[in-house]
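Engineer: Sharing a structure here in structure tokens format.
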Amino acid sequence: MWKKNGDFWEKKLNGVIHCESEVSETHGIEIESILELHQKTFGRKEVCQMRIISLLAKVDEDLCIGCKTCEFVCPTYAIEVKDKMSKVDASRCTGCWNCENRCPEHCISMIGREPFIARVDPREVDQDKLKALCKKAKLHPKQSVCGCTGTKAEEVAAAILKGAKSVGDIGLMTGASTGCGEICLQNCLRLLEAGGIKYKPHKKGYQNYFKIKTIFEIPEEVFKKYPKYHFEEDKKLLEKMIEIE
Ligand code: SF4
Ligand code: SF4
């Protein structure tokens with residue numbers, strides 16, 4: 001099954017796998033291993049795109065000064081600093097490297113872990129509710145909402161229908177927001193809002209968790225005032241796209 005070569009496979013594996021592509025060439029891993037992992041998680045093998053997590057943040061307690069930088073940048077709230085010591089909750093860590101990249105004391109390292117998949121199967125939830133949620137958020141279900149993981153709106157909607165209450169929960173369930181954490185953020189917030197969830201940002205977190213206005217919320221008078229920006233045409237086009245079956 002998993003062939004370990006130092007920590008090569010753990011680092012290469014951590015990320016988004018398009019397992020229909022040449023996995024063995026790009027990641028040095030047999031496609032059958034990926035499919036077995038899918039089987040272990042979901043009870044069936046499936047060729048698809050998936051976010052695999054094979055890394056875990058580990059803090060060197062001798063070096064940590066308790067500055068909380070890691071806590072403020074973790075997209076899934078997997079780190080908490082208590083008594084001036086950073087602690088990682090392994091069950092919430094998605095191996096995104098954010099804390100490792102920003103720790104001023106360089107005391108976080110990424111270590112290998114038993115790989116698992118962050119993926120929600122949109123087929124497992126009520127399809128009418130899923131479509132209604134996407135429509136309310138003004139997103140097409142098949143539209144990609146995360147540039148890093150390629151997660152689709154229907155996956156985020158399914159995560160919300162399965163109980164996700166925050167961008168962090170969505171990240172844990174789908175992988176979205178565990179890359180750059182920027183492009184997908186607005187889409188996740190739109191879907192959470194459409195699901196009736198008022199999201200409260202972390203008190204001191206650096207994550208930019210406020211929703212900005214979309215073209216659907218811009219007042220008509222602004223459209224009229226700036227005709228050269230063709231807001232009306234753009235809005236009509238987007239509305240048409242959302243309706244495509
Ligand atoms: S960023 Fe580094 S030094 Fe600061 S609390 Fe986290 S682990 Fe400790
Ligand atoms: S920032 Fe990323 S790597 Fe660090 S604990 Fe949070 S999820 Fe894990």
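Within each chain, counting starts at residue 1; across the structure tokens, chains are named A, B, ... in the order shown, with ligands numbered 1 upward in that order.
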Can you tell me which residues sit at most 10 Å away from ligand 1, counting only C-alpha atoms and all ligand atoms, written as a PyMOL selection string?
Structural biologist: chain A and resi 57-73+79-82+84-88+98-109
Engineer: Please, what distance in Å, to one decimal, runs between atom CA of A:Cys146 and atom CA of A:Ile17?
Structural biologist: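 Separating atom CA of A:Cys146 from atom CA of A:Ile17 is a distance of 14.3 Å.
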Engineer: Can you pull out the residues contacting A:Glu193? Cut-off 8 Å, using only C-alpha atoms, and skip same-chain residues under 5 positions away; I want them as number ranges by chain.
Structural biologist: A: 137, 198-199
Engineer: Identify all residues of stretch 77-162 of chain A in alpha helix (DSSP H) (DSSP on the backbone) and supply them as a PyMOL selection string.
Structural biologist: chain A and resi 98-102+127-136+153-161
Engineer: Tell me which of A:Val47, A:Gln39, A:Ile111, A:Ile31 sits closest to ligand 2, counting only C-alpha atoms and all ligand atoms.
Structural biologist: A:Ile111
Engineer: May I have the residues within 9 Å of stretch 117-123 of chain A as a PDB file with N, CA and C atoms, in the first residue's frame, using only C-alpha atoms and disregarding those fewer than 3 positions away in the same chain?
Structural biologist:
ATOM      1  N   LEU A  37      -7.426   4.464  -0.236  1.00  0.00           N
ATOM      2  CA  LEU A  37      -7.688   5.441   0.822  1.00  0.00           C
ATOM      3  C   LEU A  37      -9.130   5.937   0.723  1.00  0.00           C
ATOM      4  N   HIS A  38      -9.589   6.149  -0.519  1.00  0.00           N
ATOM      5  CA  HIS A  38     -10.972   6.579  -0.735  1.00  0.00           C
ATOM      6  C   HIS A  38     -11.935   5.493  -0.248  1.00  0.00           C
ATOM      7  N   THR A  41     -12.207   5.510   3.483  1.00  0.00           N
ATOM      8  CA  THR A  41     -12.960   6.651   4.020  1.00  0.00           C
ATOM      9  C   THR A  41     -14.440   6.586   3.667  1.00  0.00           C
ATOM     10  N   PHE A  42     -14.712   6.252   2.412  1.00  0.00           N
ATOM     11  CA  PHE A  42     -16.104   6.363   1.944  1.00  0.00           C
ATOM     12  C   PHE A  42     -16.768   5.024   1.601  1.00  0.00           C
ATOM     13  N   MET A  50      -9.547  15.073  -4.936  1.00  0.00           N
ATOM     14  CA  MET A  50      -9.722  15.040  -3.479  1.00  0.00           C
ATOM     15  C   MET A  50      -8.566  15.746  -2.773  1.00  0.00           C
ATOM     16  N   ARG A  51      -8.878  16.273  -1.605  1.00  0.00           N
ATOM     17  CA  ARG A  51      -7.868  16.931  -0.781  1.00  0.00           C
ATOM     18  C   ARG A  51      -7.394  15.882   0.225  1.00  0.00           C
ATOM     19  N   ILE A  52      -6.130  15.484   0.095  1.00  0.00           N
ATOM     20  CA  ILE A  52      -5.584  14.487   1.010  1.00  0.00           C
ATOM     21  C   ILE A  52      -4.697  15.181   2.036  1.00  0.00           C
ATOM     22  N   ILE A  53      -4.856  14.775   3.270  1.00  0.00           N
ATOM     23  CA  ILE A  53      -4.053  15.360   4.347  1.00  0.00           C
ATOM     24  C   ILE A  53      -3.125  14.280   4.898  1.00  0.00           C
ATOM     25  N   SER A  54      -1.841  14.537   4.794  1.00  0.00           N
ATOM     26  CA  SER A  54      -0.873  13.542   5.279  1.00  0.00           C
ATOM     27  C   SER A  54       0.159  14.185   6.203  1.00  0.00           C
ATOM     28  N   THR A  94      -5.314  20.440   9.210  1.00  0.00           N
ATOM     29  CA  THR A  94      -5.393  20.009   7.813  1.00  0.00           C
ATOM     30  C   THR A  94      -4.035  20.086   7.114  1.00  0.00           C
ATOM     31  N   ASP A 126     -29.864  15.895   0.522  1.00  0.00           N
ATOM     32  CA  ASP A 126     -31.075  16.168  -0.249  1.00  0.00           C
ATOM     33  C   ASP A 126     -30.723  17.120  -1.405  1.00  0.00           C
ATOM     34  N   GLN A 127     -30.947  16.669  -2.627  1.00  0.00           N
ATOM     35  CA  GLN A 127     -30.531  17.451  -3.801  1.00  0.00           C
ATOM     36  C   GLN A 127     -31.323  18.740  -3.987  1.00  0.00           C
ATOM     37  N   LEU A 130     -29.873  21.168  -1.555  1.00  0.00           N
ATOM     38  CA  LEU A 130     -28.535  21.568  -2.021  1.00  0.00           C
ATOM     39  C   LEU A 130     -28.646  22.631  -3.133  1.00  0.00           C
ATOM     40  N   THR A 151     -12.577  22.867  -4.941  1.00  0.00           N
ATOM     41  CA  THR A 151     -13.852  22.461  -4.308  1.00  0.00           C
ATOM     42  C   THR A 151     -15.016  23.174  -4.988  1.00  0.00           C
ATOM     43  N   GLU A 154     -21.331  22.878  -4.676  1.00  0.00           N
ATOM     44  CA  GLU A 154     -22.202  21.810  -4.162  1.00  0.00           C
ATOM     45  C   GLU A 154     -21.549  21.067  -2.987  1.00  0.00           C
ATOM     46  N   GLU A 155     -20.203  20.999  -2.966  1.00  0.00           N
ATOM     47  CA  GLU A 155     -19.526  20.324  -1.853  1.00  0.00           C
ATOM     48  C   GLU A 155     -19.628  21.165  -0.576  1.00  0.00           C
ATOM     49  N   VAL A 156     -19.440  22.474  -0.737  1.00  0.00           N
ATOM     50  CA  VAL A 156     -19.554  23.368   0.431  1.00  0.00           C
ATOM     51  C   VAL A 156     -21.000  23.354   0.928  1.00  0.00           C
ATOM     52  N   ALA A 157     -21.956  23.400  -0.017  1.00  0.00           N
ATOM     53  CA  ALA A 157     -23.380  23.364   0.375  1.00  0.00           C
ATOM     54  C   ALA A 157     -23.683  22.063   1.111  1.00  0.00           C
ATOM     55  N   ALA A 158     -23.131  20.957   0.630  1.00  0.00           N
ATOM     56  CA  ALA A 158     -23.361  19.658   1.289  1.00  0.00           C
ATOM     57  C   ALA A 158     -22.767  19.657   2.698  1.00  0.00           C
ATOM     58  N   ALA A 159     -21.590  20.278   2.841  1.00  0.00           N
ATOM     59  CA  ALA A 159     -20.965  20.350   4.162  1.00  0.00           C
ATOM     60  C   ALA A 159     -21.866  21.137   5.123  1.00  0.00           C
ATOM     61  N   LYS A 162     -24.716  19.191   6.133  1.00  0.00           N
ATOM     62  CA  LYS A 162     -24.300  18.141   7.071  1.00  0.00           C
ATOM     63  C   LYS A 162     -23.859  18.706   8.423  1.00  0.00           C
ATOM     64  N   GLY A 171     -13.651  23.922   5.906  1.00  0.00           N
ATOM     65  CA  GLY A 171     -12.282  23.527   5.561  1.00  0.00           C
ATOM     66  C   GLY A 171     -11.976  22.108   5.992  1.00  0.00           C
ATOM     67  N   LEU A 172     -12.400  21.770   7.202  1.00  0.00           N
ATOM     68  CA  LEU A 172     -12.146  20.418   7.703  1.00  0.00           C
ATOM     69  C   LEU A 172     -12.885  19.374   6.886  1.00  0.00           C
ATOM     70  N   MET A 173     -14.115  19.723   6.469  1.00  0.00           N
ATOM     71  CA  MET A 173     -14.943  18.734   5.772  1.00  0.00           C
ATOM     72  C   MET A 173     -14.641  18.632   4.286  1.00  0.00           C
ATOM     73  N   THR A 174     -14.223  19.768   3.661  1.00  0.00           N
ATOM     74  CA  THR A 174     -14.050  19.745   2.199  1.00  0.00           C
ATOM     75  C   THR A 174     -12.621  20.052   1.737  1.00  0.00           C
ATOM     76  N   GLY A 175     -11.828  20.667   2.593  1.00  0.00           N
ATOM     77  CA  GLY A 175     -10.486  21.094   2.182  1.00  0.00           C
ATOM     78  C   GLY A 175     -10.472  22.542   1.733  1.00  0.00           C
ATOM     79  N   ALA A 176     -11.645  23.088   1.321  1.00  0.00           N
ATOM     80  CA  ALA A 176     -11.692  24.502   0.892  1.00  0.00           C
ATOM     81  C   ALA A 176     -11.236  25.383   2.042  1.00  0.00           C
TER      82      ALA A 176
END
Engineer: Please compute the atom CA of A:His202-atom 1 (S, counted along the ligand's line) of ligand 2 distance, one decimal, in Å.
Structural biologist: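 Atom-to-atom, atom CA of A:His202 to atom 1 (S, counted along the ligand's line) of ligand 2, that is 14.0 Å.
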Engineer: Could you tell me which of A:Leu191, A:Ile242, A:Leu56, A:Leu35 comes closest to ligand 2 if we count only C-alpha atoms and all ligand atoms?
Structural biologist: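 Nearest candidate to ligand 2 out of A:Leu191, A:Ile242, A:Leu56, A:Leu35: A:Leu56.
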Engineer: With only C-alpha atoms and all ligand atoms as the atoms that count, which of A:Lys131, A:Val16, A:Gly179, A:Leu139 lies nearest to ligand 2?
Structural biologist: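 Looking only at the distances to ligand 2, the closest residue turns out to be A:Gly179.
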